[in-house]
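Student: Structure incoming, see below.
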2 protein chains.
Amino acid sequence: MISQTEENYLKAIYKITEREGKSASTNAISTAMSTAAASVTDMIKRLATKDLVNYEKSKGVTLTTEGGRLATLLIRKHRIWEVFLCEKLGYAWDECHELAEELEHIQDDELINRMERYLGNPKFDPHGDPIPDSAGNFAVRSQMPLSEMRAGECGVVVGVQEHSTAFLQYLDRQMLNLGARIEVIEVFEFDDSIKLKLNGESDLIVSSRVSQNLFIKKI
Amino acid sequence: MISQTEENYLKAIYKITEREGKSASTNAISTAMSTAAASVTDMIKRLATKDLVNYEKSKGVTLTTEGGRLATLLIRKHRIWEVFLCEKLGYAWDECHELAEELEHIQDDELINRMERYLGNPKFDPHGDPIPDSAGNFAVRSQMPLSEMRAGECGVVVGVQEHSTAFLQYLDRQMLNLGARIEVIEVFEFDDSIKLKLNGESDLIVSSRVSQNLFIKKI
DNA sequence: TTAATATTTTAGACTTATCTAAAAACATTT
DNA sequence: AAATGTTTTTAGATAAGTCTAAAATATTAA
């Protein structure tokens with residue numbers, strides 16, 4: 001049996017190794033988990049005895065196959081719950097994360113599979129992040145940051161890089177939701193801000209900070 | 001903050017005091033929780049320092065107002081989750097209990113209120129047990145055990161006394177589900193078994209064990 | 001390459017929730 | 001009322017998860 005805390009560590013290690021492309025350092029984990037570095041060392045040892053991580057003193061950790069499988073399952077649960085919270089209960093996309101953090105620890109594979117079916121087998125969560133299937137495979141999505149698009153190109157908003165509440169609420173206010181159609185009108189070299197036409201209607205200028213964090217699928 | 005374990009103790013104490021009509025003994029709690037009596041004593045002390053139970057050495061415990069409020073909220077969450085699992089995810093009424101035991105500990109009042117609305121403000125769970133409202137008030141249901149009905153009387157199945165898997169599966173096989181219409185054809189004094197007409201169609205004989213555990217609302 | 005700095009690990013302690021075994025308190029029966 | 005039996009509490013241990021402070025190990029800079 002694996003505890004909720006152990007699961008959270010696995011997920012943190014998964015995210016760090018994904019992001020950094022190398023083993024997760026004690027410090028990085030301690031930052032991610034908001035715990036003392038000493039606690040991380042303790043937990044790493046525990047996870048190593050359970051064969052969920054590969055660990056060598058002072059070398060950082062990586063997930064084993066089984067550790068990776070569990071982390072992926074957690075992400076699957078998290079994202080399926082997020083879809084439920086947003087689509088069925090009407091939560092905003094910046095509100096559902098915390099609740100999903102709790103719900104993802106419910107131990108029942110059958111439940112999450114039924115949930116997935118009930119929701120119509122969604123492939124992406126409300127932030128556009130892919131939902132792994134029960135075997136752990138992620139759907140691939142052809143996407144690019146808005147910042148890499150040229151004037152005249154068209155696309156659909158399919159996801160976000162940054163997940164902060166502030167950013168998500170900003171997007172909501174600008175109507176830049178998942179599925180919004182955009183056309184790049186002009187790129188201002190001066191500050192890399194971009195002028196868009198939104199859903200064929202209104203015009204909008206977004207900063208480079210925004211364009212770097214918004215994923216678009218070209219059409 | 002209250003832990004999952006503490007919540008489970010509160011619920012156990014609530015059920016015992018309801019059932020017995022008096023304070024819950026250490027032994028009764030230890031049986032209900034499947035823990036050693038010594039652990040119960042420890043926990044009772046902890047709950048007492050949090051003012052969730054009234055406790056005097058060797059006198060058993062009762063819930064304080066706040067303890068009762070929390071226990072009722074747990075029951076509310078449990079039953080709302082059960083409705084969701086059965087109605088939306090297609091779980092059978094004997095399958096949903098265990099999962100609801102886990103889900104009821106999700107800490108978010110807003111969530112359960114949204115869930116309730118999403119489910120159409122149900123007043124009873126899949127076993128016919130009343131769902132307390134957010135203020136802790138239970139709907140009252142005029143019901144009687146089938147065993148107290150006389151030949152010729154008609155009613156609707158509205159709940160069960162016993163919640164065992166075996167009993168619920170038996171009822172499923174006999175089509176004696178919540179909402180089923182029954183008419184008492186004959187009561188056999190010999191063994192108190194009862195002959196019914198089910199939904200105006202088929203005839204059925206049930207034992208006294210069954211009739212004592214099935215709640216009917218007369219019509 | 002040594003000194004300064006940063007990271008990681010060890011050591012020891014605390015809390016929660018559990019256990020067993022023994023002692024104390026309460027209840028029952030003769 | 002004493003003896004027996006049951007229930008409850010105390011005492012002492014254990015495991016998970018956390019902490020702080022100090023020691024050990026890496027890394028970076030002079």
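Chain identifiers are assigned as A, B, and so on, following the order in which chains appear in the structure tokens; residues are numbered from 1 within each chain, and ligands are numbered from 1 in order of appearance.
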Counting only C-alpha atoms (C1' of nucleotides), what is within 12 Å of stretch 17-29 of chain C, bar same-chain residues fewer than 4 positions away, as a PyMOL selection string?

Tutor: (chain B and resi 3-6+34-43+46+57-59) or (chain D and resi 1-17)

Student: Can you pull out every residue within 9 Å of B:Lys11, counting only C-alpha atoms (C1' of nucleotides), but drop anything in the same chain fewer than 5 positions away, and send it as an mmCIF file with N, CA and C atoms, in the first residue's frame?

Tutor:
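So the final result, stored in out_30.cif, reads:
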```cif
data_model
loop_
_atom_site.group_PDB
_atom_site.id
_atom_site.type_symbol
_atom_site.label_atom_id
_atom_site.label_comp_id
_atom_site.auth_asym_id
_atom_site.auth_seq_id
_atom_site.Cartn_x
_atom_site.Cartn_y
_atom_site.Cartn_z
ATOM 1 N N GLU B 6 -10.164 10.829 12.988
ATOM 2 C CA GLU B 6 -11.046 11.461 13.964
ATOM 3 C C GLU B 6 -12.472 11.504 13.426
ATOM 4 N N ILE B 16 -23.567 4.778 17.100
ATOM 5 C CA ILE B 16 -23.799 3.984 18.304
ATOM 6 C C ILE B 16 -24.803 4.677 19.221
ATOM 7 N N GLY B 68 -21.546 16.579 16.856
ATOM 8 C CA GLY B 68 -22.737 16.098 16.164
ATOM 9 C C GLY B 68 -22.884 16.741 14.794
ATOM 10 N N LEU B 70 -20.478 17.814 12.878
ATOM 11 C CA LEU B 70 -19.503 17.208 11.982
ATOM 12 C C LEU B 70 -19.927 15.810 11.541
ATOM 13 N N ALA B 71 -20.455 15.026 12.488
ATOM 14 C CA ALA B 71 -20.893 13.670 12.153
ATOM 15 C C ALA B 71 -22.027 13.718 11.135
ATOM 16 N N THR B 72 -22.948 14.639 11.329
ATOM 17 C CA THR B 72 -24.076 14.764 10.410
ATOM 18 C C THR B 72 -23.607 15.190 9.022
ATOM 19 N N LEU B 74 -20.766 14.481 7.724
ATOM 20 C CA LEU B 74 -20.151 13.300 7.110
ATOM 21 C C LEU B 74 -21.204 12.401 6.489
ATOM 22 N N ILE B 75 -22.303 12.218 7.230
ATOM 23 C CA ILE B 75 -23.380 11.376 6.730
ATOM 24 C C ILE B 75 -23.981 12.001 5.471
#
```

Student: Give me every strand (DSSP E) residue in chain B, going by DSSP on the backbone, as JSON, numbers by chain.

Tutor: {"B": [53, 54, 55, 61, 62, 63, 144, 145, 154, 155, 156, 157, 158, 159, 160, 181, 182, 183, 184, 185, 186, 187, 188, 193, 194, 195, 196, 197, 198, 202, 203, 204, 205, 206, 214, 215, 216, 217, 218]}

Student: Any chance you could list, as number ranges by chain, the residues in stretch 24-196 of chain B that come up helix (DSSP H, G or I) when DSSP is run on the backbone?

Tutor: B: 26-33, 37-49, 65-87, 96-103, 109-118, 146-148, 165-173

Student: Could you write those residues out with C-alpha atoms, as an mmCIF file, in the first residue's frame?

Tutor:
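Written output follows (out_7.cif):
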```
data_model
loop_
_atom_site.group_PDB
_atom_site.id
_atom_site.type_symbol
_atom_site.label_atom_id
_atom_site.label_comp_id
_atom_site.auth_asym_id
_atom_site.auth_seq_id
_atom_site.Cartn_x
_atom_site.Cartn_y
_atom_site.Cartn_z
ATOM 1 C CA THR B 26 -15.319 2.298 24.769
ATOM 2 C CA ASN B 27 -15.934 -1.318 23.849
ATOM 3 C CA ALA B 28 -18.758 -0.535 21.447
ATOM 4 C CA ILE B 29 -16.561 2.003 19.681
ATOM 5 C CA SER B 30 -13.623 -0.373 19.560
ATOM 6 C CA THR B 31 -15.836 -3.012 17.945
ATOM 7 C CA ALA B 32 -17.251 -0.527 15.433
ATOM 8 C CA MET B 33 -13.811 0.777 14.491
ATOM 9 C CA ALA B 37 -9.993 -0.523 23.248
ATOM 10 C CA ALA B 38 -6.830 1.267 24.354
ATOM 11 C CA SER B 39 -6.686 3.144 21.071
ATOM 12 C CA VAL B 40 -10.266 4.228 21.582
ATOM 13 C CA THR B 41 -9.445 5.658 24.987
ATOM 14 C CA ASP B 42 -6.579 7.616 23.433
ATOM 15 C CA MET B 43 -8.773 8.952 20.669
ATOM 16 C CA ILE B 44 -11.636 9.843 23.005
ATOM 17 C CA LYS B 45 -9.223 11.953 25.027
ATOM 18 C CA ARG B 46 -8.052 13.701 21.891
ATOM 19 C CA LEU B 47 -11.615 14.372 20.746
ATOM 20 C CA ALA B 48 -12.483 15.628 24.221
ATOM 21 C CA THR B 49 -9.653 18.187 24.152
ATOM 22 C CA THR B 65 -23.076 20.003 19.473
ATOM 23 C CA GLU B 66 -20.056 20.586 17.253
ATOM 24 C CA GLY B 67 -19.178 16.872 17.187
ATOM 25 C CA GLY B 68 -22.737 16.098 16.164
ATOM 26 C CA ARG B 69 -22.644 18.738 13.469
ATOM 27 C CA LEU B 70 -19.503 17.208 11.982
ATOM 28 C CA ALA B 71 -20.893 13.670 12.153
ATOM 29 C CA THR B 72 -24.076 14.764 10.410
ATOM 30 C CA LEU B 73 -22.069 16.534 7.715
ATOM 31 C CA LEU B 74 -20.151 13.300 7.110
ATOM 32 C CA ILE B 75 -23.380 11.376 6.730
ATOM 33 C CA ARG B 76 -24.603 14.040 4.341
ATOM 34 C CA LYS B 77 -21.475 13.723 2.218
ATOM 35 C CA HIS B 78 -21.565 9.953 2.299
ATOM 36 C CA ARG B 79 -25.139 9.761 1.088
ATOM 37 C CA ILE B 80 -24.747 12.392 -1.612
ATOM 38 C CA TRP B 81 -21.719 10.540 -2.978
ATOM 39 C CA GLU B 82 -23.728 7.312 -2.922
ATOM 40 C CA VAL B 83 -26.429 8.917 -5.030
ATOM 41 C CA PHE B 84 -23.783 10.057 -7.503
ATOM 42 C CA LEU B 85 -22.117 6.657 -7.694
ATOM 43 C CA CYS B 86 -25.381 4.814 -8.267
ATOM 44 C CA GLU B 87 -27.256 7.257 -10.469
ATOM 45 C CA CYS B 96 -21.311 2.190 -3.449
ATOM 46 C CA HIS B 97 -20.876 2.133 0.311
ATOM 47 C CA GLU B 98 -17.138 1.483 0.531
ATOM 48 C CA LEU B 99 -16.244 4.088 -2.057
ATOM 49 C CA ALA B 100 -18.452 6.643 -0.347
ATOM 50 C CA GLU B 101 -16.573 5.906 2.880
ATOM 51 C CA GLU B 102 -13.495 7.274 1.159
ATOM 52 C CA LEU B 103 -15.147 10.120 -0.704
ATOM 53 C CA ASP B 109 -18.415 22.061 1.723
ATOM 54 C CA GLU B 110 -18.853 23.921 -1.548
ATOM 55 C CA LEU B 111 -18.155 20.708 -3.465
ATOM 56 C CA ILE B 112 -20.834 18.725 -1.716
ATOM 57 C CA ASN B 113 -23.367 21.534 -2.122
ATOM 58 C CA ARG B 114 -22.666 21.710 -5.859
ATOM 59 C CA MET B 115 -22.870 17.944 -6.055
ATOM 60 C CA GLU B 116 -26.249 18.002 -4.341
ATOM 61 C CA ARG B 117 -27.549 20.582 -6.803
ATOM 62 C CA TYR B 118 -26.101 18.634 -9.733
ATOM 63 C CA LEU B 146 -43.058 -4.534 5.837
ATOM 64 C CA SER B 147 -43.466 -6.931 8.774
ATOM 65 C CA GLU B 148 -46.002 -4.586 10.369
ATOM 66 C CA THR B 165 -24.296 -6.837 0.625
ATOM 67 C CA ALA B 166 -26.084 -10.170 0.855
ATOM 68 C CA PHE B 167 -29.412 -8.539 1.669
ATOM 69 C CA LEU B 168 -29.101 -5.851 -0.996
ATOM 70 C CA GLN B 169 -28.175 -8.395 -3.641
ATOM 71 C CA TYR B 170 -31.110 -10.574 -2.599
ATOM 72 C CA LEU B 171 -33.452 -7.604 -3.024
ATOM 73 C CA ASP B 172 -31.970 -6.872 -6.440
ATOM 74 C CA ARG B 173 -32.612 -10.415 -7.597
#
```

Student: Please provide as number ranges by chain all residues within 9 Å of A:Lys22, with the sequence filter that same-chain residues fewer than 3 positions apart are discarded (counting only C-alpha atoms (C1' of nucleotides)).

Tutor: A: 16-19, 60-62

Student: Would you give me, as a Markdown table, each residue of chain C having an atom within 10 Å of an atom of chain A, along with its shortest atom pair and that distance in Å to one decimal, using only C-alpha atoms (C1' of nucleotides) and sorting by chain and residue number?

Tutor:
```
| residue | atom | partner | partner_atom | distance |
| --- | --- | --- | --- | --- |
| C:DT7 | C1' | A:Asn27 | CA | 7.4 |
| C:DT8 | C1' | A:Ser58 | CA | 6.0 |
| C:DT9 | C1' | A:Thr41 | CA | 7.3 |
| C:DT10 | C1' | A:Ala38 | CA | 8.9 |
```

Student: Kindly give the distance, in Å, that separates atom CA of A:Pro132 and atom CA of A:Gly159, rounded to a single decimal.

Tutor: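 Separation of atom CA of A:Pro132 and atom CA of A:Gly159: 15.6 Å.
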
Student: Mind giving me the straight-line distance from atom CA of B:Ser207 to atom CA of B:Ile131 in Å, one decimal?

Tutor: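 Those two atoms sit 29.0 Å apart.
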
Student: Find the distance between atom CA of A:Glu153 and atom CA of A:Ala92 and write it in Å to one decimal.

Tutor: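 Taking atom CA of A:Glu153 and atom CA of A:Ala92, their separation equals 29.0 Å.
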